[in-house]
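The structure appears below as structure tokens.
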Amino acid sequence: MTIDKFNFAGKKAIVRVDFNVPLDENGKITDDTRIRGALPTLKKVLNDGGSLIIMSHMGKPKGKVNMKMSLGQIAYAVSEKLGVAVKFAPDCAKAGDAAASLMAGEVLLLENLRFYPEEEGKPVGIEKEDPAYDEAKKAMKASQKQFAKTLASYADCYINDAFGTAHRKHASTAVIADYFDEGNKMLGLLMEQEVKAVDNVLSNIKRPFTAIMGGSKVSTKIGIIENLMDKVDNLILCGGMTYTFAKAQGGEVGKSICEYDKLDMALDIIAKAEEKGVNLVLGTDCVAADDFNNNANTIVCAANEIPVEYEGMDAGPETREKFAAAIAGAKTILWNGPAGVFEFDNFTAGSKAIAEAIAKATEEGAFSLIGGGDSVACINKFGMADKVSYISTGGGALLEAIEGKVLPGVAAIKGE
Ligand code: AMP
């Protein structure tokens with residue numbers, strides 16, 4: 001079923017959203033992007049004359065009640081944005097009566113799903129090495145099904161609009177779908193958009209295709225880098241991983257972040273790129289600092305000749321030009337991970353050069369997909385969010401989708 005074809009009049013819809021919004025120390029929301037992202041789906045249900053049961057996780061309470069991660073804190077914001085009062089169910093597994101009494105147009109927000117270990121389905125208090133682990137896991141999977149069934153019992157239909165957790169096979173993101181028939185489960189509008197954006201990059205590639213992978217480590221991105229190698233024309237690897245590559249090739253990287261145990265992995269990537277005819281673009285110069293802070297003394301030097309007391313913090317001017325050249329003229333662009341420690345204003349130049357080149361290419365007709373928390377934060381910091389084709393709300397989910405993995409949250413509904 002697709003959401004646009006479904007008429008919610010008189011129906012109760014249970015919707016899994018991603019309301020895992022950042023809060024400050026007073027519990028105030030510092031970025032409401034995720035709430036805004038779910039609004040089209042939530043409004044569709046209400047406008048049709050349905051009622052809403054909204055469920056989400058927040059943070060990592062690890063199966064225990066932790067009021068610092070209570071979704072009660074954000075009910076006011078959901079209410080403000082939807083323009084209707086939002087009732088709150090303080091126990092997500094005991095919300096049957098509250099759900100049953102919902103009238104058309106009414107909204108019930110459930111407490112943090114992850115207050116129950118059943119949501120994630122991992123046995124608590126037992127290590128994998130323990131001989132009793134398998135038994136505990138089996139028992140937990142059974143109670144996860146029960147938990148999902150309880151949630152399902154609140155509603156007539158199920159919508160998954162939480163792309164951020166679509167790579168997890170949790171009670172609310174996947175298992176619950178088993179308790180609804182084909183015609184009563186669907187992806188939300190945000191999920192549909194996300195899936196389409198990934199599809200644009202993976203199956204509908206217009207060439208040249210340039211992917212930019214940054215961030216701190218090569219090891220956490222190896223899966224996607226290897227997968228992209230079969231698809232891209234240009235592959236820019238930047239950020240902290242620059243120095244693992246420089247070191248692997250015999251360079252000196254001073255105090256730079258460097259995965260000394262991944263040097264072989266770096267050499268392997270270089271060899272594979274050559275073998276597959278991919279234009280691999282690595283930083284050749286950098287802005288290095290004598291301390292990890294915004295006001296540290298800086299020098300521009302070769303990325304493989306960094307003085308011992310310095311660490312590479314951002315792409316240098318020559319590198320920035322190389323990056324821009326590999327992005328110019330591209331027709332498909334994927335960006336994940338910053339090119340430097342962009343959180344410090346003095347080390348944003350590399351990421352900014354990338355963002356600007358992407359904006360220009362997009363203006364000239366490229367499809368550009370930006371994903372992963374930090375590159376999105378970058379684009380927002382530069383005020384360039386409206387200059388790219390699509391900004392994904394998914395971090396891990398986006399990377400797994402682009403790696404070519406089937407996301408359990410999508411598969412549970414589409415049956416793939
Ligand atoms: P990731 O979570 O792997 O995508 O990495 C994002 C983080 O990488 C950001 O917090 C950046 O500050 C950090 N980063 C980027 N470049 C560097 C660098 N040269 N040295 C240290 N950290 C970096």
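Lettering and numbering for the structure tokens are positional, with chains as A, B, ... in the shown order, residues counted from 1 in each chain, and ligands counted from 1 in the shown order.
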
Could you give me the residues within 8 Å of ligand 1, counting only C-alpha atoms and all ligand atoms, as a PyMOL selection string?
chain A and resi 214-218+220-221+238-243+256-257+311-315+336-344+372-375

Contacts of A:Ala330 at 8 Å or less, counting only C-alpha atoms, minus same-chain residues fewer than 6 places along, as a PyMOL selection string?
chain A and resi 207-210+361+366

Using Å and a single decimal, report how far atom CA of A:Gly316 sits from atom CA of A:Lys360.
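Value for the atom CA of A:Lys360-atom CA of A:Gly316 distance: 20.5 Å.
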
Just give me the gap between atom CA of A:Leu282 and atom CA of A:Ala303 in Å, one decimal is fine.
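The value is 9.4 Å.
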
Stretch 211-241 of chain A: which residues are helix (DSSP H, G or I) by DSSP, as number ranges by chain?
A: 219-229, 241

Residue with the minimum atom-to-atom distance to A:Ala289, picked from A:Asn160, A:Asn47, A:Asn346, A:Thr319 with only C-alpha atoms counted, is A:Asn346

Would you list the contacts of stretch 197-199 of chain A as a PyMOL selection string, taking every protein, DNA or RNA residue within 8 Å and counting only C-alpha atoms, but skipping same-chain residues closer than 2 positions in sequence?
chain A and resi 193-195+201-204+369+390+398+401-402

In Å, with one decimal, what is the gap from atom CA of A:Gly394 to atom CA of A:Lys87?
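So the two atoms, atom CA of A:Gly394 and atom CA of A:Lys87, lie 27.7 Å apart.
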
All residues 7 Å or closer to A:Lys145, only C-alpha atoms, same chain fewer than 3 positions away omitted, as a list in words
Lys141, Ala142, Ala148, Lys149, Ala171 and Val175 of chain A

Spatial neighbours of A:Met67, max dist 10 Å, only C-alpha atoms, sep filter under 4 positions, as a PyMOL selection string
chain A and resi 61+71-73+111-112+115

Where does DSSP see strand (DSSP E or B) in stretch 187-279 of chain A, if you list the residues as an NGL selection string?
:A and (187 or 209-213 or 234-237 or 252-253 or 279)

Serialized selection, N, CA and C atoms, as a compact mmCIF listing (two decimals), in the first residue's frame:
# COMPACT_ATOMS: atom_id res chain seq x y z
N LEU A 187 4.95 2.84 3.83
CA LEU A 187 6.01 3.78 4.16
C LEU A 187 5.40 5.16 4.26
N PHE A 209 29.69 10.53 -12.01
CA PHE A 209 29.23 10.36 -10.64
C PHE A 209 30.43 10.62 -9.73
N THR A 210 30.30 11.63 -8.87
CA THR A 210 31.36 11.92 -7.90
C THR A 210 30.85 11.67 -6.50
N ALA A 211 31.57 10.85 -5.75
CA ALA A 211 31.21 10.64 -4.34
C ALA A 211 32.30 11.25 -3.47
N ILE A 212 31.87 11.88 -2.41
CA ILE A 212 32.81 12.50 -1.48
C ILE A 212 32.58 11.88 -0.11
N MET A 213 33.60 11.18 0.37
CA MET A 213 33.50 10.56 1.69
C MET A 213 34.51 11.23 2.60
N ASN A 234 34.50 9.50 -9.95
CA ASN A 234 35.45 10.19 -9.09
C ASN A 234 35.13 9.88 -7.63
N LEU A 235 36.14 9.56 -6.86
CA LEU A 235 35.94 9.29 -5.44
C LEU A 235 36.89 10.18 -4.64
N ILE A 236 36.30 11.13 -3.93
CA ILE A 236 37.10 12.02 -3.08
C ILE A 236 37.08 11.44 -1.67
N LEU A 237 38.24 11.17 -1.10
CA LEU A 237 38.31 10.72 0.29
C LEU A 237 39.01 11.83 1.06
N GLU A 252 54.68 11.48 6.50
CA GLU A 252 54.75 11.83 7.92
C GLU A 252 53.51 12.64 8.26
N VAL A 253 52.78 12.21 9.29
CA VAL A 253 51.50 12.88 9.55
C VAL A 253 51.43 13.55 10.92
N ASN A 279 38.82 7.59 -10.53
CA ASN A 279 39.70 8.70 -10.22
C ASN A 279 39.63 8.98 -8.72

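Taking only C-alpha atoms, the non-local environment of A:Asn26 within 12 Å (same-chain residues fewer than 2 positions away omitted) comprises Pro22, Leu23, Asp24, Lys28, Ile29, Thr30, Lys68, Met69, Gln73 and Ile74 of chain A.
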
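With only C-alpha atoms as the basis for measurement, A:Gly164 is the residue among A:Gly371, A:Pro307, A:Gly164, A:Gly383 that approaches A:Ala397 most closely.
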